[in-house]
Amino acid sequence: VADADETILIVGAGLAGSRCAEALRAGGHRGRIRIAGEEPETPYERPALSKGFLAGHQTEKSLRLRGPSHWYDAGIELDTSTRIKSVDPEGAAVTASGSTLEWDALVLATGAKPRHLTGDDRAGVHHLRTLADAATLRRDLVAGHHLVIVGAGFIGLEVASTARTLGLNVTVVTPDAVPLRRIAGKEVGSLIADRACAAGVRLLTGESVSSLSGGADGRIASVSLASGRELRCDVALVAIGVRPASELAHGLVSIATDGGIETDNIGRSSCNRIYACGDVASSWRPWLAKFQGSGHWTSAADGARAVATAILGAPAPPSQIPFAWSDAFDVRVQHVGGPPPIGATLELDASAGDFEACFRIGGELRCAIVGNRPRRMLELRREITSSWSRGPR
Ligand SMILES: Cc1cc2nc3c(=O)[nH]c(=O)nc-3n(C[C@H](O)[C@H](O)[C@H](O)COP(=O)(O)OP(=O)(O)OC[C@H]3O[C@@H](n4cnc5c(N)ncnc54)[C@H](O)[C@@H]3O)c2cc1C
């Protein structure tokens with residue numbers, strides 16, 4: 001617990017870092033609150049990067065989490081274009097330009113970075129995490145061109161959907177039998193596959209990429225698959241997941257097997273006075289009996305508030321249940337409870353335009369996924385909250 005006049009340094013000016021700073025100030029912290037963020041922008045919303053912003057419906061300005069004077073008015077020192085290069089557990093952090101920032105409590109909110117494929121540094125091959133990534137990808141999405149997306153998770157599918165509306169020929173390649181299999185299970189995955197195919201996406205399942213080849217100018221020209229197939233490609237997106245950006249914490253605190261910083265349910269790491277929230281954190285999940293990251297917006301916002309309570313010594317909020325949403329092919333998918341657990345019984349109700357999938361163990365709701373049924377999701381969230389609050393049996 002920090003004294004009211006201590007300095008709190010937050011590394012990462014994304015959703016989690018900025019929300020944590022605001023919650024600390026709102027919760028009564030009187031000392032300095034500093035945020036160091038490596039990106040040049042003030043905190044912004046990432047979800048639109050694969051949707052409205054990429055489609056050209058939303059401007060850069062509309063993505064800002066707060067107006068320009070908000071940080072100053074709230075008494076939060078926001079240093080953009082400031083990368084923290086190392087942390088001394090005794091209470092200092094060094095920036096890439098060599099300045100030292102002192103802290104009494106440290107919050108790591110450094111998010112995640114996209115995973116890479118060999119050879120994906122070629123011109124015309126993209127990843128999507130930042131506003132700069134989205135702006136570059138957007139320039140390469142030209143109607144009539146061939147886009148190959150490697151990976152059929154939420155981001156790959158959202159970009160596929162947006163690119164179809166922009167008139168590109170889109171191929172999605174995944175080693176899985178259906179899209180979203182690991183996140184949502186095969187039945188929901190095949191409903192989404194039907195929507196993608198109806199929107200004109202060529203979906204190549206059970207396929208993996210063996211190489212990305214360039215033309216004479218070095219720019220991507222084709223994608224070779226392990227099956228021997230060759231795909232014409234003007235632009236590619238590698239969307240094969242992310243890894244927690246936890247490098248600063250290595251050697252300082254315990255790191256989970258998924259690479260995230262191990263925390264309890266309120267973001268406390270294994271080191272006194274070092275906290276983590278957002279995509280870099282792997283929280284203890286009593287239901288799974290392991291540490292696991294979430295990688296979604298709601299958990300980042302909830303985790304940020306929880307860390308603020310831990311630092312302030314305020315009562316801890318109830319443990320949050322993983323929740324995510326995604327928009328692609330005119331379906332709003334909402335997902336509560338994390339991936340479907342092994343051994344769960346599925347109750348599926350689907351019609352042409354919407355669906356609901358409930359995964360239960362011993363009658364208890366453990367995970368639910370709906371498409372275009374937001375009201376039903378409200379009920380399911382209430383039900384799962386009450387079963388999670390009883391804890392695992
Ligand atoms: C394209 C896209 C679409 C998404 N759509 C959805 C959606 O529809 N629904 C949903 O639930 N979730 C979605 N998400 C996920 C959601 O946006 C993230 O879970 C959320 O942004 C995580 O917030 P964060 O603050 O933990 O990490 P980030 O938002 O990644 O912020 C971390 C910040 O820390 C900075 N940083 C890293 N290292 C350092 C360092 N050493 N020094 C200083 N700064 C550093 C990074 O540059 C970054 O600015 C989407 C994500 C992306 C990329």
# chains A, B, ... in the order shown; residues from 1 in each chain; ligands from 1
>>> select_by_dssp(residues="segment 18-256 of chain A", states="alpha helix (DSSP H)", output="number ranges by chain")
A: 18-26, 52-55, 70-73, 131-140, 154-165, 181-198
>>> residues_near_ligand(ligand="ligand 1", cutoff="7 Å", atoms="only C-alpha atoms and all ligand atoms", output="tab-separated table (two decimals) with C-alpha atoms, in the first residue's frame")
chain	number	residue	atom	x	y	z
A	11	VAL	CA	4.95	1.82	-17.65
A	12	GLY	CA	2.72	1.66	-20.74
A	13	ALA	CA	0.24	4.32	-21.84
A	14	GLY	CA	-2.43	1.99	-23.21
A	15	LEU	CA	-5.85	1.24	-21.81
A	16	ALA	CA	-4.62	-0.47	-18.64
A	17	GLY	CA	-1.92	2.08	-17.81
A	36	ALA	CA	5.75	6.47	-19.46
A	37	GLY	CA	4.54	5.23	-22.85
A	38	GLU	CA	6.74	4.34	-25.80
A	39	GLU	CA	4.19	5.24	-28.49
A	45	GLU	CA	-8.64	2.56	-28.23
A	46	ARG	CA	-7.16	-0.42	-30.05
A	47	PRO	CA	-10.38	-2.33	-30.93
A	48	ALA	CA	-11.24	0.08	-33.78
A	49	LEU	CA	-7.87	-0.57	-35.44
A	50	SER	CA	-9.19	-3.73	-37.11
A	82	THR	CA	9.29	7.38	-23.63
A	83	ARG	CA	10.39	3.76	-23.60
A	84	ILE	CA	11.50	2.25	-20.33
A	85	LYS	CA	14.54	0.14	-20.99
A	109	ALA	CA	1.06	-2.16	-18.13
A	110	THR	CA	3.15	-2.86	-21.20
A	111	GLY	CA	0.54	-4.88	-23.09
A	112	ALA	CA	1.51	-7.44	-25.68
A	128	LEU	CA	-1.60	-5.21	-36.24
A	129	ARG	CA	-1.18	-3.86	-32.74
A	130	THR	CA	-0.65	-0.11	-32.92
A	155	ILE	CA	-8.09	-10.05	-35.25
A	245	ALA	CA	5.47	-7.68	-23.34
A	248	LEU	CA	11.16	-5.58	-18.17
A	277	CYS	CA	-2.38	-5.23	-15.30
A	278	GLY	CA	-3.75	-5.59	-18.82
A	279	ASP	CA	-2.41	-7.90	-21.51
A	280	VAL	CA	1.00	-8.25	-19.81
A	295	GLY	CA	-5.79	-10.37	-23.84
A	296	HIS	CA	-9.06	-8.46	-24.01
A	297	TRP	CA	-10.29	-4.94	-23.39
A	298	THR	CA	-12.61	-5.54	-20.42
A	300	ALA	CA	-7.44	-4.73	-19.05
A	323	PHE	CA	-15.05	-11.16	-21.19
A	324	ALA	CA	-14.41	-10.27	-24.83
A	325	TRP	CA	-16.30	-9.11	-27.87
A	326	SER	CA	-15.55	-9.05	-31.56
A	327	ASP	CA	-17.29	-7.69	-34.66
>>> residues_around(residues="Ala256 of chain A", least_positions_apart="4", cutoff="10 Å", atoms="only C-alpha atoms", output="compact mmCIF listing (two decimals) with N, CA and C atoms, in the first residue's frame")
# COMPACT_ATOMS: atom_id res chain seq x y z
N GLY A 260 3.29 -14.19 -19.31
CA GLY A 260 2.78 -13.01 -18.61
C GLY A 260 3.35 -12.90 -17.20
N ILE A 261 3.15 -11.72 -16.60
CA ILE A 261 3.62 -11.52 -15.23
C ILE A 261 2.59 -12.13 -14.27
N GLU A 262 3.03 -13.05 -13.45
CA GLU A 262 2.10 -13.69 -12.51
C GLU A 262 1.58 -12.66 -11.51
N THR A 263 0.26 -12.60 -11.37
CA THR A 263 -0.32 -11.71 -10.35
C THR A 263 -1.45 -12.44 -9.63
N ALA A 281 -0.32 -9.08 -17.94
CA ALA A 281 -0.52 -9.81 -16.67
C ALA A 281 -1.13 -11.18 -16.91
N SER A 282 -0.69 -12.13 -16.12
CA SER A 282 -1.32 -13.46 -16.08
C SER A 282 -1.86 -13.64 -14.68
N SER A 283 -3.17 -13.55 -14.56
CA SER A 283 -3.75 -13.58 -13.21
C SER A 283 -4.05 -15.02 -12.79
N TRP A 284 -4.11 -15.19 -11.51
CA TRP A 284 -4.45 -16.51 -10.97
C TRP A 284 -5.94 -16.78 -11.22
N LYS A 290 -4.54 -22.17 -12.44
CA LYS A 290 -3.29 -21.73 -13.07
C LYS A 290 -3.35 -20.24 -13.36
N PHE A 291 -2.16 -19.69 -13.67
CA PHE A 291 -2.09 -18.28 -14.08
C PHE A 291 -2.43 -18.22 -15.57
N GLN A 292 -3.24 -17.24 -15.95
CA GLN A 292 -3.57 -17.12 -17.37
C GLN A 292 -3.87 -15.67 -17.71
N GLY A 293 -3.36 -15.23 -18.86
CA GLY A 293 -3.65 -13.88 -19.34
C GLY A 293 -5.02 -13.85 -20.00
>>> closest_residue(among="A:Ile183, A:Cys367, A:Ala123, A:Leu212", to="Arg232 of chain A", atoms="only C-alpha atoms")
A:Leu212
>>> select_by_dssp(residues="segment 256-321 of chain A", states="strand (DSSP E or B)", output="number ranges by chain")
A: 261-263, 268, 274-276, 281-285, 290-292
>>> write_last_selection(atoms="C-alpha atoms", output="PDB file, in the first residue's frame")
ATOM      1  CA  ILE A 261       3.616 -11.516 -15.227  1.00  0.00           C
ATOM      2  CA  GLU A 262       2.098 -13.687 -12.506  1.00  0.00           C
ATOM      3  CA  THR A 263      -0.321 -11.710 -10.354  1.00  0.00           C
ATOM      4  CA  ARG A 268       0.114  -7.875  -7.136  1.00  0.00           C
ATOM      5  CA  ILE A 274       5.498  -4.110  -8.347  1.00  0.00           C
ATOM      6  CA  TYR A 275       2.075  -4.608  -9.934  1.00  0.00           C
ATOM      7  CA  ALA A 276       0.871  -5.632 -13.391  1.00  0.00           C
ATOM      8  CA  ALA A 281      -0.519  -9.806 -16.671  1.00  0.00           C
ATOM      9  CA  SER A 282      -1.318 -13.457 -16.083  1.00  0.00           C
ATOM     10  CA  SER A 283      -3.749 -13.583 -13.208  1.00  0.00           C
ATOM     11  CA  TRP A 284      -4.452 -16.508 -10.974  1.00  0.00           C
ATOM     12  CA  ARG A 285      -7.612 -18.297 -12.182  1.00  0.00           C
ATOM     13  CA  LYS A 290      -3.289 -21.734 -13.067  1.00  0.00           C
ATOM     14  CA  PHE A 291      -2.092 -18.283 -14.080  1.00  0.00           C
ATOM     15  CA  GLN A 292      -3.571 -17.117 -17.370  1.00  0.00           C
TER      16      GLN A 292
END
>>> closest_residue(among="A:His335, A:His146, A:Arg273, A:Arg360", to="Pro374 of chain A", atoms="only C-alpha atoms")
A:His335
